[in-house]
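> Sharing a structure, written as structure tokens. Questions coming.
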Amino acid sequence: MNQREFKQRQKKLLQQLGKNSVAIVPTAAEKIRNRDAEFPFRADSDFYYLTGFKEPEAVAVFIPGRKAGEYVLFCRERDPLMETWNGRRAGLAGALQLYNAQEAYPIDQIEEILPQLLENRERVYCAIGNDEHFDKRLMGWVNKVRQKARTGILAPQEFLSLDSVLHEMRLRKSKAEIALMRKAADISSAAHIKAMQACRPSISEYVVEAELVHTFTKYGCPAAYTSIVGGGANACILHYTENDAPLQDGDLLLIDAGAELDCYASDITRTFPVNGTFSQAQKIIYEIVLRAQLAAIKAVKPGNHWNQPHEVAVKELTKGLLENKLLRGDLKTNIKNENYRKYYMHRTGHWLGLDVHDVGDYKINGKWRKLEPGMVLTIEPGLYIAAETPGASKKWWNIGIRIEDDVLVTEDGCDVLSKKAPKTVAEIEAIMAKPHAA
């Protein structure tokens, strides 16, 4: 992403903080996987959103009106020995030249310098409660300033959550963000197609998952989250991630997987038959879910509230369940009593962006918020009929189906960013009829 984008975000944040404020934003901590092996580092989303800086051990400070510089970055210094072992660092010069910090200091001097930046500031904005260790360090810095009270230096008296300001900014995507998310969705769509082409009875779920990983990596992307690759009964487990069971002829395979491009996530789910052809029972349930998804997508437009796509999806799903005697009674009563939850136990979507379940309030003053252009959400209805579910005929057992797309709210409706991932029965069967990938 172009550094101009980050400068615009910083400017907007500084304007909203107001005078006599300071915002402190640390990046994520490195995490040990086992013994001295670490998980791949991924910057904190709020920190990255404001800085574009991907290295660990860094803290950004934003100080409206400060003449010496309103954006200060603490980071690691250049170190030839450590860079030989662990990779290149931007260093202080890079922080200034490449990342537009107005001042940069070594991270190991933060205990000395940061308290000075808090002097005579009335309020501190920070992510309170996210990191207990960092919260304690912050209070230590504030207490250092308090010790100077007799010299006339004032310490901050008010602590405010940065979320209320920053997460509203993140909720509405810019043109640059939308372009990244569209590309991430394209890459994910290609991965889902590869998975469909590689799928066949007798191979294991992880063999199909390997096609996803290969495609993500081919385009320089990690997975945005742990992929779900669940065949048969496993498709009825919402957060199934073992991905190690053999695939059986006649079963469905549910894949929930998305690539992350430059820290921006995609999130796509497709469900298809292991042998390439839907059975009659599978097709009936699949078409119910697809109708619900298409109706919910149609409800994504400016002025509609957040819950309307969910309400539309629930109505369509419940109608289909009643038509096929998976529920009994009338539509209105089944919806009111939430009887559908036996087969559909989650909601229809979530915000999407730097985080898979992205930031942003769903309600404002107790009411569902209105959708606005620039917001991106998922639409993902499903039906899950586990074996021996009371009231479900045996022909429906172990049919688990979810269809999920990434949807951008536009000025006059919506745009499905993940439209390149096939989802009609005809499209899926046609792709799977082609020769298997080597």
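By convention here, the chains of the structure tokens are called A, B, ... in the order presented, each chain's residues are numbered starting at 1, and ligands are numbered starting at 1 in the order presented.
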When DSSP works through the backbone of this structure, what residues of range 403-438 of chain A end up as strand (DSSP E), shown as a ChimeraX atom specification?
/A:405-409,414-416
> Please list as a ChimeraX atom specification every residue within 9 Å of Ala104 in chain A, counting only C-alpha atoms and excluding residues in the same chain fewer than 4 positions away.
/A:71-75,91-93,95-96
> Take the residues from that selection and write them out as an mmCIF file, in the first residue's frame, keeping C-alpha atoms.

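Final output, result.cif:
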data_model
loop_
_atom_site.group_PDB
_atom_site.id
_atom_site.type_symbol
_atom_site.label_atom_id
_atom_site.label_comp_id
_atom_site.auth_asym_id
_atom_site.auth_seq_id
_atom_site.Cartn_x
_atom_site.Cartn_y
_atom_site.Cartn_z
ATOM 1 C CA TYR A 71 4.073 10.996 14.731
ATOM 2 C CA VAL A 72 6.839 9.308 16.718
ATOM 3 C CA LEU A 73 7.921 5.717 16.087
ATOM 4 C CA PHE A 74 9.924 3.568 18.477
ATOM 5 C CA CYS A 75 11.547 0.622 16.687
ATOM 6 C CA GLY A 91 16.160 1.083 11.645
ATOM 7 C CA LEU A 92 15.654 4.687 12.696
ATOM 8 C CA ALA A 93 16.588 6.088 9.296
ATOM 9 C CA ALA A 95 11.402 4.720 10.022
ATOM 10 C CA LEU A 96 11.865 8.330 8.919
#
> As a list in words, please: the residues near range 143-145 of chain A (cut-off 12 Å, only C-alpha atoms, same-chain neighbours under 6 positions excluded).
Glu111, Glu112, Ile113, Leu114, Pro115, Gln116, Leu117, Leu118, Glu119, Asn120, Arg121, Glu122, Lys136, Arg137, Thr151, Gly152, Ile153, Leu154, Ala155, Pro156 and Gln157 of chain A
> One decimal, in Å: what's the spacing between CA of Ala235 in chain A and CA of Cys414 in chain A?
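According to the coordinates, CA of Ala235 in chain A and CA of Cys414 in chain A are separated by 28.9 Å.
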> Within 8 Å of range 310-318 of chain A, counting only C-alpha atoms, which residues qualify if same-chain residues fewer than 4 places away don't, as a list in words?
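Answer for this query is Ile288, Val289, Arg291, Ala292, Gln293, Ala295, Ala296, Ala299, Leu322, Leu327, Leu331, Asn334, Ile335, Tyr340, Arg347, Thr348, Gly349, Pro381 and Leu383 of chain A.
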> Can you pull out the residues contacting Gln8 in chain A? Cut-off 12 Å, using only C-alpha atoms, and skip same-chain residues under 3 positions away; I want them as a PyMOL selection string.
chain A and resi 2-5+11-15+49-51+100+169+174+176
> Counting only C-alpha atoms, figure out which residue out of A:Glu77, A:Met82, A:Gln109, A:Phe159 gets nearest to Val22 in chain A.
A:Phe159
> Report, in Å to a single decimal, how far apart CA of Arg33 in chain A and CA of Ser45 in chain A are.
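Between CA of Ser45 in chain A and CA of Arg33 in chain A the gap works out to 20.5 Å.
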> Counting only C-alpha atoms, figure out which residue out of A:Cys221, A:Ala386, A:Ile24, A:Met432 gets nearest to Arg123 in chain A.
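Ranking A:Cys221, A:Ala386, A:Ile24, A:Met432 by distance to Arg123 in chain A, first place goes to A:Ile24.
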> Rounded to one decimal place, report the CA of Glu177 in chain A-CA of Lys301 in chain A distance in Å.
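CA of Lys301 in chain A lies 19.1 Å from CA of Glu177 in chain A.
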> I want to know what sits within 6 Å of Leu377 in chain A, based on only C-alpha atoms, with residues of the same chain fewer than 5 positions away left out; could you give that as a PDB file with N, CA and C atoms, in the first residue's frame?

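Result saved to around31.pdb:
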ATOM      1  N   HIS A 350     -20.193 -11.053   9.083  1.00  0.00           N
ATOM      2  CA  HIS A 350     -19.390 -10.236   9.994  1.00  0.00           C
ATOM      3  C   HIS A 350     -18.612  -9.236   9.148  1.00  0.00           C
ATOM      4  N   TRP A 351     -18.094  -8.197   9.805  1.00  0.00           N
ATOM      5  CA  TRP A 351     -17.245  -7.236   9.104  1.00  0.00           C
ATOM      6  C   TRP A 351     -15.964  -7.931   8.646  1.00  0.00           C
ATOM      7  N   LEU A 352     -15.382  -7.428   7.568  1.00  0.00           N
ATOM      8  CA  LEU A 352     -14.157  -8.003   7.008  1.00  0.00           C
ATOM      9  C   LEU A 352     -13.189  -6.880   6.658  1.00  0.00           C
ATOM     10  N   ASP A 406     -17.545 -12.368   0.089  1.00  0.00           N
ATOM     11  CA  ASP A 406     -17.121 -11.067   0.611  1.00  0.00           C
ATOM     12  C   ASP A 406     -17.850  -9.983  -0.177  1.00  0.00           C
ATOM     13  N   VAL A 407     -18.577  -9.123   0.521  1.00  0.00           N
ATOM     14  CA  VAL A 407     -19.490  -8.197  -0.151  1.00  0.00           C
ATOM     15  C   VAL A 407     -19.185  -6.753   0.266  1.00  0.00           C
TER      16      VAL A 407
END
> For Leu354 in chain A, list every protein, DNA or RNA residue within 7 Å, evaluated using only C-alpha atoms, and leave out those in the same chain fewer than 4 positions away; present the list as a JSON list (two decimals) with C-alpha atoms, in the first residue's frame.

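Writing the result to out-v4.json gives the following:
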[["chain", "number", "residue", "atom", "x", "y", "z"],
["A", 45, "SER", "CA", -3.91, -4.62, 12.84],
["A", 263, "CYS", "CA", -2.56, -7.88, 5.91],
["A", 264, "TYR", "CA", -6.05, -7.63, 4.33],
["A", 265, "ALA", "CA", -8.22, -10.73, 4.60],
["A", 358, "ASP", "CA", -13.02, -7.12, 11.54]]
